[in-house]
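K.L.:
Please see the structure below; I have some questions.
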Amino acid sequence: MDAHSSHLTAPLRSRSSQTPSPSHSASASATSSIHKRKLSAAEDHAPPFPSSFSDTRDGALTSNDDLESISARGGADSDDSEEFEDVVDDDEEEYDDSSMRNFTATRLENNVGPTGRNTKLKTENPVKVEPSEVGKDGGPGAAGSAAASTPAAVPGIVVKEDTVKSIFTENLQTSGAYCAREESLKKEEEAGKLKFVCVSNDNIDEHMIWLIGLKNIFARQLPNMPKEYIVRLVMDRGHKSVMVIRRNTVVGGITYRPYVSQKFGEIAFCAITSDEQVKGYGTRLMNHLKQHARDMDGLTHFLTYADNNAVGYFNKQGFTKDIFLEKERWHGYIKDYDGGILMECKIDPKLPYTDLSTMIHHQRQAIDEKIRELSNCHIVYPGIDFQKKEAGVPKRIFKLEDILGLREAGWTPDQWGHSRFKIVNASPDGTSNQKLTGFMRSILKAMHDHVDSWPFKEPVDVRDVPDYYDIIRDPMDLKTMTRRVESEQYYVTLEMFLADARRMFANARTYNSPETIYFKCSTRLEAFFSSRVQSGLQSFVKIQQ
Ligand SMILES: CC(=O)SCCNC(=O)CCNC(=O)[C@H](O)C(C)(C)COP(=O)(O)OP(=O)(O)OC[C@H]1O[C@@H](n2cnc3c(N)ncnc32)[C@H](O)[C@@H]1OP(=O)(O)O
């Protein structure tokens with residue numbers, strides 16, 4: 001109960017990213033929230049909590065008798081908190097042996113025992129107490145065990161190395177950012193440069209140093225949380241911390257409390273040091289946490305009150321705002337808070353969380369093989385020698401059926417020149433092509449003769465308009481269209497002709513502003529063009545429904 005209630009008497013849960021990830025800095029600063037615990041009726045009489053710990057931290061601490069009592073009882077602890085302030089810069093942590101010893105000697109085990117405050121809270125706001133089995137995991141009994149003296153190696157799945165190698169070398173480039181990041185961190189782990197450990201306050205110096213490092217990161221990254229509260233939970237033996245350690249330095253971590261009897265865990269704090277954020281550590285950390293919590297604690301769910309600006313991160317880790325876990329399993333075990341958003345994540349019973357990239361590679365490979373069975377899209381044929389003359393007209397005519405792969409892709413000769421427009425009274429001897437050419441030629445001539453056609457008669461000269469081709473990537477003009485018509489090869493369908501004309505008009509209105517003569521000419525000429533096409537369509541070609 002001691003540790004449990006110490007958590008539950010949290011005066012305030014408030015997190016915000018002081019140094020948010022670069023990609024989210026704007027939204028983070030805009031949405032940094034203040035969480036305020038819902039007060040029970042009895043607590044309404046307590047001194048009001050300050051609106052922000054970051055602004056009024058001293059006030060906040062003195063307004064909370066629980067934290068006050070911790071400071072008072074654990075004088076050395078609060079001193080330590082001051083000492084820790086010196087090393088709170090998580091990028092330049094230097095650990096002082098003497099402060100470490102000092103801290104070890106005055107750990108919070110003396111401070112989180114039952115107090116009047118805890119008892120009061122229990123009656124005011126009844127909280128379910130876990131059966132004694134929790135001690136197996138997080139209680140002091142577990143702390144001195146052999147398992148506790150070694151950081152729990154977070155289990156992963158065994159994958160055949162040769163298989164992985166071939167899959168990775170083949171697919172790594174196309175495997176997406178998630179897999180690439182996970183895979184690169186996994187390689188660092190295999191090379192011994194990085195490790196993920198799960199420790200709790202077990203009196204082992206190295207673990208204590210790591211826990212202090214983690215506490216410093218939390219203090220920096222969650223500036224609205226009182227440092228004493230962070231210390232209390234991180235050092236509480238009912239809590240565990242999964243940490244990223246690189247070159248024996250803590251990069252970040254997650255502190256959680258496993259409610260073993262209820263099979264869920266509550267994530268209390270989660271942070272990565274500022275200059276290592278958005279590099280995939282947070283994801284890998286969460287994956288290690290899930291695997292550890294499932295395999296070592298027997299948990300099936302995680303709950304957390306996520307800070308507003310961290311909801312996106314938790315979403316990407318599979319957390320939802322919808323809580324599916326039966327209320328009786330968690331209600332009363334964790335506190336209600338205003339401001340933070342309660343989120344839940346179901347831990348999959350089978351997923352190889354620390355080896356998801358391998359699994360995804362296998363899945364990709366299986367899908368790829370299936371696609372190959374069903375289609376030929378993986379076959380790459382040699383390209384065609386398609387040299388163009390001016391206006392994009394091909395230099396030499398070649399038969400479509402000679403294009404390798406076209407028939408294999410399902411093309412049949414009757415699809416050639418497929419158009420909605422059919423020439424009226426066309427005979428199969430090729431006169432329809434001549435009729436189409438004649439139709440297009442007459443429309444082009446009418447446009448040439450139009451008073452507004454002068455800006456479109458020639459391609460735009462880059463010497464006159466130097467930036468034109470930076471803006472207009474697909475230029476078009478009447479001269480080019482004429483060449484295409486006269487080649488009698490280019491416009492296989494009327495749609496191709498209409499598309500070129502529309503592009504020419506659209507380009508003019510893209511580059512030029514509405515008040516310019518070019519813009520106006522374009523609009524008028526297009527109206528003329530449309531009316532000519534419409535009248536031609538009625539007498540010359542018919543539209544196939
Ligand atoms: C219960 C609580 O503790 S709530 C408070 C959470 N902690 C904080 O807000 C402290 C400051 N922030 C941090 O310490 C870190 O940014 C963390 C822990 C939130 C995320 O760790 P990172 O190492 O940055 O995460 P990682 O690099 O694995 O990113 C995973 C994905 O989440 C996204 N992401 C990371 N942080 C955030 C965020 N704050 N908001 C939205 N998306 C985010 C990343 O862009 C990435 O997306 P992608 O996979 O589409 O590219």
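In the structure tokens, chains take letters A, B, ... by order of appearance, with residues numbered from 1 within each chain and ligands from 1 in the order shown.
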Run DSSP on the backbone and give me the residues of range 366-479 of chain A it puts in strand (DSSP E or B), as a list in words.
P.N.:
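Here is the list: Lys388, Pro394, Phe421, Lys422 and Ile423 of chain A.
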K.L.:
Give me a file of those residues, with N, CA, C and O atoms, as a CSV table (one decimal), in the first residue's frame.
P.N.:
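The result, written out as out.csv:
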chain,number,residue,atom,x,y,z
A,388,LYS,N,12.2,10.9,-80.2
A,388,LYS,CA,11.2,11.9,-80.7
A,388,LYS,C,11.8,12.9,-81.7
A,388,LYS,O,12.9,13.3,-81.5
A,394,PRO,N,7.0,10.8,-82.7
A,394,PRO,CA,8.1,9.8,-82.7
A,394,PRO,C,8.8,9.8,-84.0
A,394,PRO,O,8.2,10.0,-85.1
A,421,PHE,N,-15.2,9.3,-78.8
A,421,PHE,CA,-15.7,9.9,-80.0
A,421,PHE,C,-15.5,9.0,-81.2
A,421,PHE,O,-14.4,8.5,-81.4
A,422,LYS,N,-16.6,8.8,-81.8
A,422,LYS,CA,-16.5,8.0,-83.1
A,422,LYS,C,-16.8,8.9,-84.3
A,422,LYS,O,-17.8,9.7,-84.2
A,423,ILE,N,-16.0,8.7,-85.3
A,423,ILE,CA,-16.3,9.5,-86.5
A,423,ILE,C,-17.6,9.0,-87.2
A,423,ILE,O,-17.8,7.8,-87.4
K.L.:
Show me, as a PyMOL selection string, the residues that have an atom within 10 Å of Lys346 in chain A when counting only C-alpha atoms, minus same-chain residues fewer than 6 positions from it.
P.N.:
chain A and resi 264+290+299-303+318-320+323-325
K.L.:
Step one, run DSSP on the backbone; step two, keep only residues of range 173-288 of chain A assigned to alpha helix (DSSP H); then write them as a ChimeraX atom specification.
P.N.:
/A:176-190,205-221,227-235,281-288
K.L.:
Provide the atom 39 (N, counted along the ligand's line) of ligand 1 to CA of Tyr259 in chain A distance in Å, to one decimal place.
P.N.:
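Interatomic distance here is 26.4 Å.
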K.L.:
One decimal, Å: what's the distance from atom 47 (O, counted along the ligand's line) of ligand 1 over to CA of Ala271 in chain A, could you say?
P.N.:
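Taking atom 47 (O, counted along the ligand's line) of ligand 1 as the start and CA of Ala271 in chain A as the end point, the length is 14.6 Å.
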K.L.:
Which residues, written as a tab-separated table (two decimals) with N, CA, C and O atoms, in the first residue's frame, have at least one atom at most 12 Å from Trp454 in chain A, with only C-alpha atoms counted and residues fewer than 5 positions away on the same chain left out?
P.N.:
chain	number	residue	atom	x	y	z
A	447	MET	N	-8.55	28.76	-84.76
A	447	MET	CA	-7.90	29.38	-83.58
A	447	MET	C	-6.80	30.33	-84.03
A	447	MET	O	-6.64	31.43	-83.50
A	448	HIS	N	-6.00	29.86	-85.00
A	448	HIS	CA	-4.93	30.72	-85.52
A	448	HIS	C	-5.49	32.05	-86.00
A	448	HIS	O	-4.86	33.11	-85.82
A	449	ASP	N	-6.66	32.01	-86.64
A	449	ASP	CA	-7.25	33.22	-87.20
A	449	ASP	C	-7.93	34.10	-86.14
A	449	ASP	O	-8.34	35.22	-86.44
A	459	PRO	N	5.97	28.73	-79.13
A	459	PRO	CA	6.36	28.40	-77.75
A	459	PRO	C	6.90	29.65	-77.06
A	459	PRO	O	7.47	30.53	-77.72
A	460	VAL	N	6.73	29.73	-75.74
A	460	VAL	CA	7.22	30.89	-74.99
A	460	VAL	C	8.74	30.91	-75.08
A	460	VAL	O	9.40	29.88	-74.88
A	477	ASP	N	1.59	25.02	-77.16
A	477	ASP	CA	1.31	26.19	-78.01
A	477	ASP	C	0.71	25.70	-79.31
A	477	ASP	O	0.75	24.51	-79.63
A	478	LEU	N	0.18	26.64	-80.10
A	478	LEU	CA	-0.52	26.24	-81.33
A	478	LEU	C	0.43	25.64	-82.35
A	478	LEU	O	0.06	24.74	-83.12
A	479	LYS	N	1.68	26.12	-82.38
A	479	LYS	CA	2.64	25.59	-83.37
A	479	LYS	C	2.91	24.11	-83.10
A	479	LYS	O	2.92	23.28	-84.02
A	517	ILE	N	-3.29	40.66	-69.99
A	517	ILE	CA	-3.87	40.41	-71.31
A	517	ILE	C	-3.77	38.93	-71.68
A	517	ILE	O	-4.65	38.36	-72.33
A	518	TYR	N	-2.69	38.29	-71.21
A	518	TYR	CA	-2.47	36.87	-71.55
A	518	TYR	C	-3.57	36.00	-70.93
A	518	TYR	O	-4.09	35.08	-71.54
A	521	CYS	N	-6.81	36.74	-72.87
A	521	CYS	CA	-6.78	36.09	-74.19
A	521	CYS	C	-7.06	34.61	-74.04
A	521	CYS	O	-7.79	34.01	-74.84
A	522	SER	N	-6.45	34.02	-73.02
A	522	SER	CA	-6.60	32.59	-72.80
A	522	SER	C	-8.06	32.23	-72.57
A	522	SER	O	-8.59	31.28	-73.17
A	525	LEU	N	-10.07	32.80	-75.88
A	525	LEU	CA	-9.76	31.82	-76.93
A	525	LEU	C	-10.30	30.43	-76.54
A	525	LEU	O	-10.77	29.68	-77.40
